[in-house]
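Novice: Below is final.cif; it holds mmCIF, C-alpha atoms and all ligand atoms.
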data_model
loop_
_atom_site.label_atom_id
_atom_site.label_comp_id
_atom_site.auth_asym_id
_atom_site.auth_seq_id
_atom_site.Cartn_x
_atom_site.Cartn_y
_atom_site.Cartn_z
CA GLY D 1 71.11 109.60 102.36
CA THR D 2 74.73 110.34 101.44
CA GLN D 3 75.79 109.33 97.94
CA LEU D 4 79.10 107.61 98.64
CA ILE D 5 82.04 106.03 96.84
CA ILE D 6 84.82 104.35 98.85
CA ASP D 7 88.39 104.18 97.54
CA THR D 8 90.16 101.52 99.55
CA ASP D 9 93.04 99.04 100.12
CA PRO D 10 91.49 96.35 102.37
CA GLY D 11 92.91 95.94 105.06
CA VAL D 12 91.18 94.90 108.29
CA ASP D 13 89.89 98.37 109.19
CA ASP D 14 88.89 98.96 105.55
CA ALA D 15 86.67 95.86 105.81
CA PHE D 16 84.85 97.42 108.77
CA ALA D 17 84.53 100.72 106.89
CA ILE D 18 83.10 99.10 103.75
CA THR D 19 80.62 97.12 105.84
CA LEU D 20 79.45 100.26 107.63
CA ALA D 21 78.57 101.81 104.27
CA ALA D 22 77.29 98.61 102.64
CA LEU D 23 74.78 97.97 105.43
CA GLY D 24 74.02 101.57 106.40
CA THR D 25 70.45 102.77 105.99
CA ASP D 26 71.19 106.43 105.36
CA VAL D 27 73.76 105.98 102.61
CA ASP D 28 73.80 104.94 98.95
CA LEU D 29 77.06 103.11 98.30
CA LEU D 30 77.49 103.76 94.58
CA GLY D 31 80.77 101.94 94.06
CA VAL D 32 84.08 100.82 95.51
CA THR D 33 87.44 101.51 93.87
CA THR D 34 90.66 99.84 94.96
CA VAL D 35 94.28 100.88 95.25
CA PHE D 36 97.57 99.21 96.25
CA GLY D 37 98.41 99.75 99.90
CA ASN D 38 98.16 97.35 102.79
CA VAL D 39 98.85 94.55 100.28
CA PRO D 40 99.32 94.57 96.48
CA LEU D 41 96.42 95.65 94.25
CA ALA D 42 95.23 92.17 93.23
CA ALA D 43 94.71 91.27 96.89
CA THR D 44 93.10 94.58 97.95
CA THR D 45 90.70 94.28 95.00
CA ARG D 46 89.71 90.72 95.81
CA ASN D 47 89.33 91.61 99.47
CA ALA D 48 86.98 94.48 98.61
CA GLN D 49 84.90 92.13 96.47
CA ARG D 50 84.76 89.55 99.24
CA VAL D 51 83.68 92.06 101.86
CA LEU D 52 80.86 93.26 99.60
CA ALA D 53 79.84 89.63 99.01
CA LEU D 54 79.80 89.10 102.79
CA CYS D 55 77.41 92.05 103.03
CA GLY D 56 75.18 90.72 100.24
CA ARG D 57 75.94 93.73 98.04
CA ALA D 58 76.49 92.21 94.59
CA ASP D 59 74.86 95.37 93.22
CA VAL D 60 77.89 97.54 94.12
CA PRO D 61 80.45 97.79 91.29
CA VAL D 62 84.14 97.38 92.11
CA ALA D 63 86.98 98.66 89.90
CA ALA D 64 90.71 98.26 90.39
CA GLY D 65 92.99 101.29 90.29
CA ALA D 66 96.63 102.13 90.85
CA GLU D 67 99.15 99.41 91.36
CA ARG D 68 101.90 101.73 92.54
CA PRO D 69 102.41 105.31 93.70
CA LEU D 70 102.56 108.27 91.28
CA VAL D 71 106.30 108.82 91.64
CA TYR D 72 108.36 106.57 93.93
CA PRO D 73 107.39 102.99 94.56
CA HIS D 74 108.45 101.71 97.94
CA PRO D 75 109.07 98.19 99.14
CA HIS D 76 107.09 98.35 102.33
CA ARG D 77 103.72 96.72 102.69
CA ALA D 78 101.56 96.75 105.78
CA ARG D 79 101.42 92.98 105.91
CA TYR D 80 102.69 93.07 109.48
CA ALA D 81 99.49 94.75 110.60
CA HIS D 82 97.03 93.20 108.14
CA GLY D 83 98.55 89.79 107.33
CA VAL D 84 99.96 88.58 104.00
CA ASP D 85 96.51 88.51 102.40
CA GLY D 86 95.46 91.85 103.91
CA LEU D 87 92.75 90.27 106.08
CA SER D 88 94.76 88.59 108.84
CA GLY D 89 95.11 85.38 106.80
CA ARG D 90 91.33 85.02 106.77
CA ALA D 91 90.42 86.38 103.33
CA GLU D 92 89.49 82.91 102.13
CA ALA D 93 87.08 82.48 105.01
CA LEU D 94 84.97 85.23 103.44
CA PRO D 95 82.59 84.47 100.55
CA GLU D 96 83.90 84.46 96.98
CA PRO D 97 83.26 87.66 95.01
CA ALA D 98 79.59 87.79 94.00
CA ARG D 99 80.08 90.08 91.04
CA GLU D 100 82.70 90.41 88.34
CA LEU D 101 85.22 93.19 88.53
CA ALA D 102 84.28 96.23 86.41
CA GLN D 103 85.82 96.25 82.93
CA VAL D 104 86.99 99.82 83.50
CA ASP D 105 89.67 100.99 85.90
CA ALA D 106 89.06 102.90 89.13
CA VAL D 107 89.42 106.38 87.62
CA ASN D 108 86.95 105.57 84.86
CA LEU D 109 84.42 104.04 87.24
CA LEU D 110 84.71 107.14 89.43
CA VAL D 111 84.08 109.40 86.43
CA THR D 112 81.09 107.36 85.28
CA LEU D 113 79.50 107.27 88.74
CA LEU D 114 80.14 110.97 89.37
CA GLU D 115 78.75 112.02 86.00
CA ALA D 116 75.63 109.89 86.47
CA ALA D 117 74.94 111.10 90.03
CA GLN D 118 71.89 113.32 90.58
CA GLU D 119 73.38 114.85 93.72
CA PRO D 120 76.98 115.69 94.71
CA VAL D 121 78.86 112.61 95.84
CA THR D 122 81.08 112.08 98.88
CA ILE D 123 84.24 110.10 98.25
CA ALA D 124 85.92 108.38 101.20
CA PRO D 125 89.56 107.60 100.34
CA ILE D 126 90.82 105.19 103.01
CA GLY D 127 94.05 104.04 101.34
CA PRO D 128 96.91 105.78 99.49
CA LEU D 129 95.59 108.80 97.50
CA THR D 130 96.92 107.70 94.11
CA ASN D 131 93.55 107.08 92.41
CA ILE D 132 92.11 110.36 93.67
CA ALA D 133 95.11 112.39 92.47
CA ALA D 134 94.87 110.70 89.07
CA LEU D 135 91.12 111.38 88.88
CA LEU D 136 91.49 115.10 89.66
CA ALA D 137 94.38 115.50 87.23
CA ALA D 138 92.75 113.71 84.31
CA HIS D 139 89.13 114.81 84.80
CA PRO D 140 89.07 118.31 86.27
CA GLY D 141 85.38 118.69 85.43
CA VAL D 142 84.28 116.11 88.00
CA ARG D 143 85.09 118.43 90.90
CA SER D 144 81.62 119.98 90.62
CA LYS D 145 80.11 116.54 91.23
CA ILE D 146 82.15 115.92 94.37
CA ASP D 147 80.51 117.12 97.58
CA ARG D 148 83.68 116.46 99.58
CA LEU D 149 86.42 113.96 100.24
CA VAL D 150 86.56 112.42 103.70
CA ILE D 151 90.09 111.06 103.88
CA MET D 152 91.59 108.74 106.48
CA GLY D 153 95.19 109.80 106.66
CA GLY D 154 97.94 111.66 108.42
CA GLY D 155 99.06 112.07 111.97
CA LEU D 156 99.40 115.48 113.58
CA SER D 157 101.57 114.29 116.42
CA LEU D 158 102.36 110.69 115.58
CA GLY D 159 103.31 108.28 112.84
CA ASN D 160 102.70 104.57 112.43
CA VAL D 161 104.72 103.43 109.42
CA THR D 162 107.63 105.74 110.31
CA PRO D 163 108.10 107.95 113.38
CA ALA D 164 106.84 110.89 111.33
CA ALA D 165 104.33 109.50 108.88
CA GLU D 166 101.00 107.74 108.69
CA PHE D 167 100.74 104.82 106.27
CA ASN D 168 98.23 106.16 103.71
CA ILE D 169 100.07 109.45 103.21
CA TRP D 170 103.54 107.89 103.33
CA SER D 171 102.53 105.30 100.71
CA ASP D 172 102.14 108.08 98.10
CA PRO D 173 103.08 111.51 99.47
CA GLU D 174 103.10 113.12 96.01
CA ALA D 175 99.50 112.04 95.45
CA ALA D 176 98.50 113.15 98.95
CA ARG D 177 100.10 116.55 98.38
CA ARG D 178 98.22 117.05 95.13
CA VAL D 179 94.90 116.25 96.76
CA LEU D 180 95.34 117.96 100.13
CA VAL D 181 97.57 120.92 99.29
CA GLU D 182 97.41 121.71 95.58
CA ASP D 183 93.77 120.96 94.92
CA GLU D 184 90.82 123.09 95.96
CA VAL D 185 88.43 120.17 96.27
CA PRO D 186 86.79 120.27 99.74
CA ALA D 187 88.37 117.71 102.02
CA VAL D 188 88.08 116.53 105.58
CA LEU D 189 91.19 114.79 106.88
CA VAL D 190 90.65 112.21 109.61
CA PRO D 191 94.09 111.73 111.18
CA MET D 192 95.38 108.96 113.42
CA ASP D 193 95.41 111.26 116.44
CA LEU D 194 91.61 110.97 116.41
CA THR D 195 91.19 107.42 115.10
CA VAL D 196 93.38 106.04 117.90
CA ARG D 197 91.10 107.67 120.46
CA CYS D 198 88.12 105.99 118.78
CA ALA D 199 89.47 102.46 119.36
CA VAL D 200 86.85 99.85 120.23
CA ASP D 201 87.20 97.44 123.14
CA ALA D 202 86.45 93.74 123.73
CA ASP D 203 82.87 94.45 124.80
CA TRP D 204 82.14 96.36 121.61
CA LEU D 205 83.58 93.54 119.51
CA GLY D 206 81.65 90.98 121.56
CA THR D 207 78.39 92.74 120.75
CA LEU D 208 79.40 92.87 117.09
CA ARG D 209 80.24 89.15 117.09
CA ALA D 210 76.87 88.30 118.65
CA SER D 211 74.99 90.41 116.07
CA GLY D 212 75.17 87.70 113.39
CA PRO D 213 77.43 86.13 110.76
CA ILE D 214 78.67 89.40 109.29
CA GLY D 215 79.63 90.77 112.69
CA ALA D 216 81.29 87.47 113.59
CA ALA D 217 83.30 87.44 110.34
CA LEU D 218 84.55 90.98 110.98
CA ASP D 219 85.45 90.29 114.60
CA ALA D 220 87.47 87.26 113.46
CA LEU D 221 89.76 89.56 111.45
CA THR D 222 90.85 91.56 114.47
CA PRO D 223 93.05 89.51 116.88
CA ASP D 224 96.34 89.62 114.93
CA TYR D 225 95.74 93.21 113.85
CA ARG D 226 95.12 94.30 117.44
CA ASP D 227 98.19 92.38 118.69
CA TYR D 228 100.38 93.95 116.04
CA TYR D 229 99.37 97.48 117.01
CA ARG D 230 99.73 96.72 120.71
CA LYS D 231 103.24 95.34 120.28
CA ALA D 232 104.46 97.76 117.63
CA LEU D 233 102.92 101.01 118.86
CA GLY D 234 101.58 100.33 122.34
CA TRP D 235 97.98 101.02 121.35
CA ASP D 236 95.12 99.62 123.44
CA GLY D 237 91.96 98.27 121.90
CA THR D 238 91.21 97.82 118.22
CA VAL D 239 91.82 100.92 116.13
CA LEU D 240 89.42 101.00 113.19
CA HIS D 241 90.94 104.06 111.48
CA ASP D 242 89.02 103.79 108.21
CA ALA D 243 85.64 103.19 109.82
CA VAL D 244 85.93 106.52 111.64
CA ALA D 245 86.31 108.35 108.33
CA VAL D 246 83.43 106.47 106.71
CA ALA D 247 81.22 107.24 109.74
CA GLU D 248 81.84 110.94 109.08
CA ALA D 249 81.20 110.48 105.36
CA ILE D 250 77.82 108.88 106.12
CA SER D 251 76.87 111.23 108.97
CA PRO D 252 78.39 114.64 108.22
CA GLY D 253 79.34 116.47 111.40
CA ILE D 254 79.72 113.40 113.59
CA LEU D 255 83.37 114.46 113.85
CA GLU D 256 84.32 117.93 115.00
CA THR D 257 86.71 119.65 112.57
CA GLU D 258 89.07 122.61 112.56
CA ARG D 259 90.13 124.47 109.45
CA LEU D 260 93.94 124.32 109.42
CA PRO D 261 96.77 125.03 106.98
CA ILE D 262 98.48 121.84 105.85
CA GLU D 263 101.58 120.68 104.01
CA VAL D 264 102.70 117.17 103.04
CA ASP D 265 106.41 116.37 103.19
CA CYS D 266 107.49 114.89 99.84
CA THR D 267 111.23 115.07 100.50
CA PRO D 268 113.17 111.81 100.70
CA GLY D 269 114.31 112.37 104.29
CA PRO D 270 113.08 111.05 107.61
CA SER D 271 109.87 113.11 107.51
CA ARG D 272 108.74 111.86 104.11
CA GLY D 273 104.96 111.48 104.16
CA ALA D 274 104.46 113.60 107.27
CA THR D 275 101.40 115.87 107.38
CA VAL D 276 102.51 119.24 108.73
CA VAL D 277 99.50 121.05 110.15
CA ASP D 278 99.84 124.61 111.44
CA ARG D 279 98.07 124.91 114.77
CA ARG D 280 99.78 128.14 115.78
CA ARG D 281 97.34 130.88 116.66
CA ILE D 282 98.54 133.48 114.22
CA GLU D 283 96.67 135.35 111.54
CA VAL D 284 96.37 133.58 108.23
CA ALA D 285 97.99 136.64 106.62
CA GLU D 286 101.19 135.91 108.48
CA ARG D 287 101.40 132.37 107.24
CA ALA D 288 103.38 131.23 104.25
CA GLU D 289 101.69 132.40 101.07
CA THR D 290 101.55 128.90 99.71
CA SER D 291 99.65 127.38 102.58
CA SER D 292 96.46 125.62 101.77
CA VAL D 293 93.77 124.76 104.31
CA VAL D 294 91.92 121.58 105.04
CA ASP D 295 89.27 120.60 107.60
CA VAL D 296 91.00 118.35 110.11
CA ALA D 297 88.90 116.14 112.37
CA VAL D 298 90.00 116.79 115.92
CA ASP D 299 87.30 115.46 118.22
CA THR D 300 84.05 113.50 118.45
CA ASP D 301 81.46 112.25 120.89
CA LEU D 302 83.04 108.82 121.37
CA ASP D 303 79.87 107.09 122.59
CA GLY D 304 77.81 108.52 119.77
CA LEU D 305 80.36 107.36 117.23
CA ARG D 306 80.73 103.83 118.60
CA GLY D 307 76.95 103.46 118.75
C1 LIG K 1 95.73 103.39 107.53
O1 LIG K 1 96.72 102.53 106.97
C2 LIG K 1 96.17 101.29 106.70
O2 LIG K 1 96.99 100.28 107.15
C3 LIG K 1 94.81 101.26 107.34
O3 LIG K 1 93.91 100.49 106.57
C4 LIG K 1 94.39 102.69 107.38
O4 LIG K 1 93.80 103.10 106.17
C5 LIG K 1 96.10 103.71 108.95
O5 LIG K 1 97.37 104.30 109.00
CA CA K 2 93.04 101.47 104.54
#
Transcribe the structure of this file into C-alpha cells.

Specialist:
Amino acid sequence: GTQLIIDTDPGVDDAFAITLAALGTDVDLLGVTTVFGNVPLAATTRNAQRVLALCGRADVPVAAGAERPLVYPHPHRARYAHGVDGLSGRAEALPEPARELAQVDAVNLLVTLLEAAQEPVTIAPIGPLTNIAALLAAHPGVRSKIDRLVIMGGGLSLGNVTPAAEFNIWSDPEAARRVLVEDEVPAVLVPMDLTVRCAVDADWLGTLRASGPIGAALDALTPDYRDYYRKALGWDGTVLHDAVAVAEAISPGILETERLPIEVDCTPGPSRGATVVDRRRIEVAERAETSSVVDVAVDTDLDGLRG
C-alpha cells in the first residue's frame, strides 16, 4: 500500500480526508502534520488529533507546524465555512486526543518519517503549503524519499476565498510558489475545478451516516459547511475537496492528470494567490523560459471515486 503522510488544517473536508487514509486498507498512514489555515494552528492540531482518535488510530503520530505564512500573515480565516472551531462547532463532540502531540515540530517529524521509510513516501498537503516549503528548503536531501506530493489547491477557472484564488494557495502564496514552481519535486495539483465536480449528495452522506459511528460523526460536520458553500458560492452538494486529493494519493491514477505549466501569483493585487495554468496549445519551446510544469488533475470517473 501507499506510504502516506498528510499535512493538514482540519477543516471539515480535511476530517473526511484523514479518515479515508486512517481507515483505508491499501495505505500506511505514517503520520499527520498540521498547519494554520481554516482556523489557527492550536485548533487545527487538536482537530487532527480528535479525528485520528475517532478512527481509533492512536498509533499515528501528530506534529504541529507553521503558525503563520512564510512572508505575509493575513487576517482571514475560513471560519465562515468551517465554523469557529474548524469542525462546524462540533469538535468537542469528537473523542479527546488519544495520543500526545509529538515533541518535535511538523518539519522534524516529516524528516524523521521520510528518513526511516523503506519505500518512497507520498505526502498529501491539504492546507496552506508552509510546512512543505519549509521542509524542502531546510532538508533538501529528503526529496529522494518523496514519491510525490498530491496537493489540494488552486482553481484554474474559479476562486473561493477571493474571485481569483483558492484558499490553500492564497493562505501562503510564497510557500505555494516555492513548492509548485521553484521546486522540482514531483507534484500533482488537485484544483477546485475538479473537487467541485466530485461533490457528494444527500444519498451518499446517508449511506455514510448509516455505516456506523465514524460515518455518523463525519456526516454531522457537514450541514453548516454545505450551507455556507451553497450561499456563498452557489455550489450544490457537499464538496469534500481534500478527500479527493487523498483518494488520489492512496490510489494513484484514480484522477486523470495533464502536465501543464504553472505560475502562482505572489503580487499583492487582486490576483494574489491565483494559480495561472497555461492550457494554450503551443509548443513548450514558445513558452516563457521560467515556466515550470506540474501534473494537474482534470478529470475522474465520478462513480469510481465516490465508491
Ligand atoms: C481548501 O480550503 C480549505 O478550506 C479546505 O479544507 C480545503 O483544503 C479548499 O479551498
Ligand atoms: Ca484543508

Novice: Which is closest to Asp236 of chain D among D:Asp303, D:Ala199, D:Thr19, D:Pro268, if we use only C-alpha atoms?

Specialist: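 So, comparing all the options, the nearest one is D:Ala199.
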
Novice: Could you tell me, counting only C-alpha atoms and all ligand atoms, which protein and nucleic acid residues lie no more than 6 Å from ligand LIG 1 (chain K), written as a list in words?

Specialist: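 What falls inside 6 Å of ligand LIG 1 (chain K) is Gly11, Asp13, Asp14, Asn38, Ala78, Ile126, Gly127, Glu166, Phe167, Asn168, His241 and Asp242 of chain D.
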
Novice: Would you mind listing what lies within 9 Å of Thr34 of chain D as a list in words, with only C-alpha atoms counted and same-chain residues fewer than 2 positions away left out?

Specialist: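 So the residues in contact are Ile6, Asp7, Thr8, Asp9, Pro10, Val32, Phe36, Leu41, Thr44, Thr45, Ala48, Val62, Ala63, Ala64, Gly65, Ala66, Ala106, Gly127 and Asn131 of chain D.
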
Novice: Work out how far atom CA of Val161 of chain D is from atom CA of Leu233 of chain D, in Å to one decimal.

Specialist: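 Distance reported for this atom pair: 9.9 Å.
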
Novice: Using only C-alpha atoms and all ligand atoms, which residue out of D:Leu29, D:Ala17, D:Val104, D:Ala176 lies closest to ligand CA 2 (chain K)?

Specialist: D:Ala17

Novice: Smallest atom-to-atom distance to ligand CA 2 (chain K): which of D:Arg57, D:His82, D:Lys231, D:Arg68, using only C-alpha atoms and all ligand atoms?

Specialist: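 Answer, going by the shortest atom-to-atom distance: D:His82.
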
Novice: Using all atoms listed in the file, which residues sit within 10 Å of Gln118 of chain D once same-chain residues fewer than 4 positions away are excluded, as a PyMOL selection string?

Specialist: chain D and resi 3+113-114+145

Novice: Counting all atoms listed in the file, figure out which residue out of D:Ala187, D:Val276, D:Ala247, D:Cys266 gets nearest to Val71 of chain D.

Specialist: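 Smallest separation from Val71 of chain D among the options: D:Cys266.
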
Novice: I want to know what sits within 10 Å of Pro73 of chain D, based on all atoms listed in the file, with residues of the same chain fewer than 6 positions away left out; could you give that as a list in words?

Specialist: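 So, after excluding close chain neighbours, the residues are Glu67, Ser171 and Asp172 of chain D.
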
Novice: Could you take the residues named above and write them with C-alpha atoms, as an mmCIF file, keeping the file's coordinate frame?

Specialist:
data_model
loop_
_atom_site.group_PDB
_atom_site.id
_atom_site.type_symbol
_atom_site.label_atom_id
_atom_site.label_comp_id
_atom_site.auth_asym_id
_atom_site.auth_seq_id
_atom_site.Cartn_x
_atom_site.Cartn_y
_atom_site.Cartn_z
ATOM 1 C CA GLU D 67 99.150 99.410 91.360
ATOM 2 C CA SER D 171 102.530 105.300 100.710
ATOM 3 C CA ASP D 172 102.140 108.080 98.100
#

Novice: So which residues touch segment 250-257 of chain D within 9 Å, counting all atoms listed in the file, skipping near sequence neighbours fewer than 3 positions away, as a ChimeraX atom specification?

Specialist: /D:1-4,20-21,24,26-27,122,188-190,244-247,295-301,304-305

Novice: Using all atoms listed in the file, which of D:Ala133, D:Val239, D:Leu302, D:Val264 sits nearest ligand CA 2 (chain K)?

Specialist: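 Nearest candidate to ligand CA 2 (chain K) out of D:Ala133, D:Val239, D:Leu302, D:Val264: D:Val239.
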
Novice: Would you mind reading off the distance between atom CA of Pro140 of chain D and atom CA of Ala165 of chain D, one decimal, in Å?

Specialist: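 Between atom CA of Pro140 of chain D and atom CA of Ala165 of chain D the gap works out to 28.7 Å.
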